[in-house]
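This is final_28.txt. It holds compact mmCIF, C-alpha atoms.
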```
# COMPACT_ATOMS: atom_id res chain seq x y z
CA MET A 1 19.28 8.79 -62.13
CA LYS A 2 17.16 11.68 -60.83
CA ARG A 3 14.08 9.42 -60.71
CA ARG A 4 16.03 6.78 -58.72
CA ASN A 5 17.11 9.42 -56.21
CA ILE A 6 13.53 10.61 -55.79
CA VAL A 7 12.31 7.05 -55.22
CA PHE A 8 15.15 6.37 -52.76
CA LYS A 9 14.38 9.56 -50.78
CA ALA A 10 10.68 8.72 -50.71
CA LEU A 11 11.39 5.22 -49.42
CA THR A 12 13.84 6.58 -46.83
CA CYS A 13 11.31 9.10 -45.58
CA GLY A 14 8.65 6.39 -45.43
CA VAL A 15 10.88 4.06 -43.42
CA ALA A 16 11.90 6.91 -41.10
CA THR A 17 8.25 7.82 -40.53
CA LEU A 18 7.37 4.21 -39.76
CA ALA A 19 10.34 3.91 -37.39
CA PHE A 20 9.41 7.11 -35.58
CA THR A 21 5.79 5.96 -35.30
CA ALA A 22 6.90 2.56 -34.01
CA CYS A 23 9.22 4.13 -31.43
CA THR A 24 6.46 6.47 -30.33
CA ASP A 25 4.03 3.56 -29.98
CA VAL A 26 6.54 1.56 -27.94
CA TRP A 27 7.30 4.56 -25.71
CA ASP A 28 3.60 5.25 -25.17
CA SER A 29 2.94 1.61 -24.35
CA HIS A 30 5.34 1.85 -21.41
CA TYR A 31 3.28 4.57 -19.77
CA GLN A 32 -0.28 3.64 -20.67
CA PRO A 33 -2.59 1.26 -18.76
CA LYS A 34 -2.89 -2.22 -20.23
CA PRO A 35 -6.53 -3.03 -21.05
CA GLU A 36 -5.61 -6.67 -21.72
CA LEU A 37 -4.95 -7.14 -18.00
CA ASN A 38 -8.73 -6.89 -17.52
CA ALA A 39 -8.30 -5.22 -14.13
CA THR A 40 -10.19 -2.25 -12.75
CA GLU A 41 -8.11 -1.48 -9.64
CA THR A 42 -4.90 0.52 -9.55
CA LEU A 43 -1.79 -0.77 -7.86
CA TRP A 44 -2.54 1.52 -4.93
CA ASP A 45 -6.06 0.06 -4.67
CA LEU A 46 -4.60 -3.46 -4.49
CA ILE A 47 -2.04 -2.49 -1.86
CA GLU A 48 -4.63 -0.69 0.28
CA ALA A 49 -7.00 -3.67 0.16
CA ASP A 50 -4.41 -6.35 1.02
CA PRO A 51 -4.23 -7.11 4.77
CA GLU A 52 -0.71 -8.53 4.35
CA LEU A 53 0.59 -5.21 2.96
CA SER A 54 -0.58 -2.76 5.61
CA GLN A 55 3.00 -1.84 6.57
CA PHE A 56 4.11 -1.45 2.97
CA GLU A 57 1.04 0.72 2.42
CA ALA A 58 2.15 3.04 5.26
CA TYR A 59 5.67 3.50 3.85
CA VAL A 60 4.40 4.07 0.31
CA LYS A 61 1.95 6.71 1.53
CA ALA A 62 4.49 8.40 3.82
CA THR A 63 6.90 8.85 0.90
CA GLY A 64 4.20 10.11 -1.51
CA TYR A 65 4.21 7.12 -3.82
CA ASP A 66 0.51 6.44 -3.31
CA GLN A 67 -0.11 9.24 -5.84
CA TYR A 68 2.16 7.63 -8.43
CA LEU A 69 0.69 4.16 -7.98
CA SER A 70 -2.79 5.63 -8.51
CA GLN A 71 -1.96 7.06 -11.94
CA ASN A 72 -1.87 5.50 -15.39
CA ARG A 73 1.88 5.02 -15.61
CA PHE A 74 2.70 1.30 -15.76
CA TYR A 75 4.76 -0.05 -12.85
CA THR A 76 5.76 -3.40 -11.41
CA VAL A 77 5.81 -3.54 -7.60
CA TRP A 78 7.47 -6.13 -5.37
CA ALA A 79 5.75 -5.53 -2.02
CA PRO A 80 7.23 -7.05 1.16
CA VAL A 81 4.54 -8.51 3.42
CA ASP A 82 3.98 -7.34 6.99
CA GLY A 83 6.69 -8.31 9.48
CA SER A 84 9.57 -7.89 7.02
CA GLU A 85 12.93 -6.84 8.44
CA PHE A 86 12.88 -3.28 7.09
CA TYR A 87 9.69 -2.46 8.96
CA LEU A 88 11.24 -3.63 12.24
CA THR A 89 14.53 -1.75 11.86
CA HIS A 90 13.25 1.47 10.21
CA PRO A 91 10.11 2.62 12.08
CA LEU A 92 7.94 5.41 10.71
CA GLU A 93 7.04 6.88 14.08
CA GLY A 94 8.77 10.19 14.69
CA VAL A 95 10.90 9.93 11.55
CA SER A 96 12.28 13.18 10.10
CA ASP A 97 11.68 14.41 6.55
CA SER A 98 15.32 13.77 5.64
CA MET A 99 15.04 10.17 6.86
CA LEU A 100 11.81 9.76 4.90
CA ASN A 101 13.78 10.64 1.78
CA VAL A 102 16.20 7.86 2.70
CA TYR A 103 13.30 5.42 3.11
CA LYS A 104 11.97 6.54 -0.26
CA PHE A 105 15.28 5.94 -2.05
CA GLU A 106 16.57 2.88 -0.22
CA PHE A 107 13.28 1.05 0.33
CA VAL A 108 10.23 2.18 -1.66
CA GLU A 109 12.06 2.91 -4.94
CA ASN A 110 14.10 -0.26 -4.39
CA HIS A 111 10.87 -2.28 -4.77
CA ILE A 112 9.25 -0.54 -7.77
CA ALA A 113 10.27 -0.63 -11.43
CA ASP A 114 8.97 0.85 -14.64
CA TYR A 115 7.20 -1.35 -17.18
CA ASN A 116 5.92 -4.92 -17.08
CA HIS A 117 8.07 -7.52 -15.30
CA ALA A 118 5.94 -10.64 -15.10
CA ALA A 119 7.00 -13.90 -13.50
CA THR A 120 6.81 -16.35 -16.35
CA GLY A 121 8.65 -19.53 -17.30
CA VAL A 122 12.32 -19.91 -16.44
CA MET A 123 14.09 -16.62 -15.70
CA SER A 124 17.87 -16.71 -15.21
CA GLU A 125 20.30 -13.80 -14.86
CA ASN A 126 17.32 -11.47 -15.16
CA LYS A 127 18.14 -7.99 -13.85
CA VAL A 128 15.48 -5.31 -13.34
CA LYS A 129 16.32 -1.61 -13.09
CA MET A 130 14.48 -0.17 -10.11
CA LEU A 131 13.28 3.44 -9.74
CA ASN A 132 16.32 4.27 -7.59
CA GLY A 133 18.65 3.10 -10.38
CA LYS A 134 19.62 -0.17 -8.70
CA TYR A 135 19.58 -3.46 -10.58
CA ASN A 136 17.81 -6.25 -8.66
CA ARG A 137 17.62 -9.83 -9.86
CA PHE A 138 14.17 -11.30 -10.51
CA GLU A 139 14.74 -14.99 -11.19
CA GLY A 140 13.36 -18.50 -10.86
CA ASN A 141 10.89 -20.82 -12.53
CA ALA A 142 7.19 -21.63 -12.32
CA GLY A 143 6.10 -21.65 -8.70
CA SER A 144 9.48 -20.61 -7.28
CA TYR A 145 10.65 -17.09 -7.98
CA THR A 146 12.97 -14.81 -6.02
CA PHE A 147 13.49 -11.05 -5.94
CA LYS A 148 17.10 -10.27 -5.01
CA ALA A 149 17.26 -13.73 -3.41
CA VAL A 150 14.05 -13.12 -1.40
CA PRO A 151 11.28 -15.69 -2.06
CA VAL A 152 8.26 -14.30 -3.90
CA LYS A 153 5.05 -15.28 -2.13
CA ALA A 154 2.53 -14.28 -4.84
CA THR A 155 3.13 -13.27 -8.44
CA ASN A 156 1.44 -11.44 -11.30
CA ILE A 157 -1.42 -9.78 -9.42
CA ALA A 158 -2.87 -7.61 -12.18
CA ALA A 159 -3.78 -3.95 -11.81
CA LYS A 160 -4.92 -1.64 -14.56
CA ASN A 161 -1.63 0.27 -14.25
CA GLY A 162 0.80 -2.53 -13.54
CA LEU A 163 1.68 -5.79 -11.83
CA LEU A 164 2.01 -6.57 -8.13
CA HIS A 165 4.22 -9.28 -6.66
CA LYS A 166 4.31 -10.02 -2.92
CA THR A 167 7.65 -10.97 -1.35
CA GLU A 168 8.32 -12.69 1.96
CA SER A 169 10.73 -9.95 3.04
CA ASN A 170 12.38 -6.81 1.71
CA ALA A 171 15.21 -6.66 -0.81
CA ILE A 172 18.42 -5.44 0.81
CA PHE A 173 19.60 -2.06 -0.47
CA THR A 174 23.19 -2.12 -1.76
CA ALA A 175 25.03 1.20 -1.97
CA ASN A 176 27.48 2.03 -4.74
CA ILE A 177 30.89 3.55 -3.89
CA TRP A 178 29.63 7.13 -4.17
CA GLU A 179 26.69 6.48 -1.86
CA GLN A 180 28.89 4.56 0.55
CA LEU A 181 31.36 7.43 0.81
CA GLY A 182 28.55 9.70 1.98
CA ASP A 183 27.57 7.24 4.73
CA GLU A 184 31.04 6.54 6.14
CA PRO A 185 31.91 8.94 9.01
CA GLN A 186 35.58 7.91 8.89
CA VAL A 187 36.00 9.43 5.41
CA SER A 188 33.82 12.52 5.90
CA LYS A 189 36.58 14.94 4.90
CA LEU A 190 37.20 13.14 1.61
CA TRP A 191 33.44 13.04 0.97
CA LYS A 192 33.04 16.78 1.56
CA PHE A 193 36.01 17.49 -0.71
CA LEU A 194 34.55 15.46 -3.59
CA GLU A 195 30.90 16.29 -2.97
CA LYS A 196 31.29 20.06 -3.28
CA ASP A 197 31.92 19.58 -7.02
CA TYR A 198 28.96 17.24 -7.50
CA LYS A 199 25.73 18.56 -9.03
CA ARG A 200 22.47 16.73 -9.65
CA GLU A 201 19.85 18.87 -11.36
CA PHE A 202 16.35 18.06 -12.55
CA ASN A 203 16.08 18.19 -16.34
CA PRO A 204 12.45 18.97 -17.28
CA SER A 205 13.14 18.97 -21.02
CA ALA A 206 14.25 15.32 -20.84
CA SER A 207 11.45 14.26 -18.48
CA VAL A 208 7.95 13.02 -19.27
CA GLN A 209 5.24 15.23 -17.77
CA GLY A 210 2.22 13.60 -16.18
CA PRO A 211 -1.14 14.93 -15.00
CA VAL A 212 -1.58 17.89 -12.67
CA VAL A 213 -2.41 16.70 -9.13
CA ASP A 214 -3.66 19.22 -6.55
CA GLY A 215 -2.41 22.05 -8.75
CA GLN A 216 1.08 20.54 -8.98
CA VAL A 217 2.70 19.14 -12.12
CA THR A 218 3.68 15.48 -11.77
CA TRP A 219 6.28 13.67 -13.84
CA LEU A 220 5.87 10.19 -15.30
CA ASP A 221 9.60 9.92 -15.88
CA SER A 222 12.00 12.29 -14.11
CA ALA A 223 15.40 12.82 -15.71
CA PHE A 224 18.37 14.32 -13.91
CA THR A 225 21.64 15.73 -15.14
CA GLU A 226 24.62 14.78 -12.96
CA SER A 227 28.07 16.23 -13.18
CA CYS A 228 31.28 16.12 -11.15
CA ARG A 229 34.72 16.93 -12.45
CA TRP A 230 36.24 14.26 -10.20
CA PHE A 231 34.20 11.57 -11.91
CA ARG A 232 35.74 12.51 -15.21
CA GLU A 233 39.22 12.24 -13.69
CA ILE A 234 39.03 9.25 -11.30
CA GLY A 235 35.97 7.26 -12.42
CA TRP A 236 32.16 7.43 -12.47
CA LEU A 237 31.65 6.30 -8.89
CA ASP A 238 27.88 6.88 -9.01
CA ARG A 239 27.27 4.51 -11.93
CA GLU A 240 26.61 0.83 -11.42
CA ASP A 241 27.44 -0.49 -14.86
CA SER A 242 31.14 -0.53 -13.93
CA SER A 243 33.12 -2.03 -11.04
CA TYR A 244 35.64 -0.09 -8.99
CA THR A 245 37.89 -0.64 -6.00
CA MET A 246 38.61 2.53 -4.02
CA TYR A 247 41.16 3.11 -1.27
CA ALA A 248 39.77 6.12 0.58
CA LEU A 249 41.85 8.30 2.91
CA SER A 250 40.42 8.39 6.42
CA ASP A 251 39.88 11.64 8.31
CA ASN A 252 42.94 10.83 10.44
CA ALA A 253 45.09 10.65 7.31
```
Mind turning the file's structure into structure tokens?
Amino acid sequence: MKRRNIVFKALTCGVATLAFTACTDVWDSHYQPKPELNATETLWDLIEADPELSQFEAYVKATGYDQYLSQNRFYTVWAPVDGSEFYLTHPLEGVSDSMLNVYKFEFVENHIADYNHAATGVMSENKVKMLNGKYNRFEGNAGSYTFKAVPVKATNIAAKNGLLHKTESNAIFTANIWEQLGDEPQVSKLWKFLEKDYKREFNPSASVQGPVVDGQVTWLDSAFTESCRWFREIGWLDREDSSYTMYALSDNA
């Protein structure tokens, strides 16, 4: 009996070690460049060199994402070509820092995702989690793909740190209930009442640290801890894996 226990423990430890190694390998593969792509340029190199993406290039650089797209972390980018609606309605000239943060969240991060999302074969009901936490559909079949219902003009342009797709226009940003509350002036009092108990804090211990750039630590994967006592009582209004209907009191009420 003792010998059987020893053998069982040894096998268990061996399986656990293999599982941990496999998980580590999978995790590392998400963040390492893919030599099999046989590309020498970074995503940022491709964007800079493409005459159809000069406007996208400007927004990426203005929001600081040129640094991320130049690193080894593996991304997939859906880049709207010049003349897309967002560029016409959200100009960069004279924009404030606070509005740049809005552009970063609602536009740039709405068109970039972690990992490899290639256009291949028939893709149906395929949802991709973007860097801003939104889920955008990437669907279609050979020669006819869409990104959140926007036609994709060119697919699977390989970079050494990811894939680039070019879209005919920008994907529309869709706010969740929590984000919408903050943008509705008619419910500003309700928003302020709920928002004062909301906290979103960077969690370095759960994040993946990247290289040091210009003396500053960068993060390959930034994790945040969010808390709000009202979410626990009325619903997690900032999460998009559930559906809610909310009747919000107006400021007049």
task = Have a look at atom CA of A:Asn176 and atom CA of A:Thr245 and let me know their distance in Å, one decimal.
result =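 If I compute the distance from atom CA of A:Asn176 to atom CA of A:Thr245, I get 10.8 Å.
Closest approach to A:Thr89 among A:Asn170, A:Ala62, A:Asp197, A:Val108: A:Asn170, based on only C-alpha atoms.
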task = Please identify all polymer residues within 10 Å of A:Ala113, counting all atoms listed in the file, omitting same-chain residues fewer than 2 positions from it, and present them as a VMD selection string.
result = chain A and resid 74 to 78 109 to 111 115 to 117 128 to 136 162
message = Could you check the closest approach to A:Asp183 for each of A:Asp66, A:Val102, A:Ala58, A:Glu240 and tell me which residue wins, using only C-alpha atoms?
response =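 Answer, going by the shortest atom-to-atom distance: A:Val102.
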task = Using only C-alpha atoms, determine which residues lie at most 12 Å from stretch 153-157 of chain A, disregarding the query and same-chain residues fewer than 3 positions distant; provide the list as a ChimeraX atom specification.
result = /A:37-39,41-43,45-47,50,52,75-81,116-120,138,140-147,150,160-170
request  = Would you work out the distance separating atom CA of A:Leu92 from atom CA of A:Ala175, expressed in Å to one decimal?
outcome  = 21.7 Å
key: Residue nearest A:Glu179 - candidates A:Glu125, A:Glu106, A:Asp251, A:Glu85, atoms counted: all atoms listed in the file   = A:Glu106
query = So which one's closest to A:Gln186, A:Leu249, A:Leu69, A:Val60, A:Ala49? Using all atoms listed in the file, please.
reply =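 Looking at the shortest contact to A:Gln186, the residue is A:Leu249.
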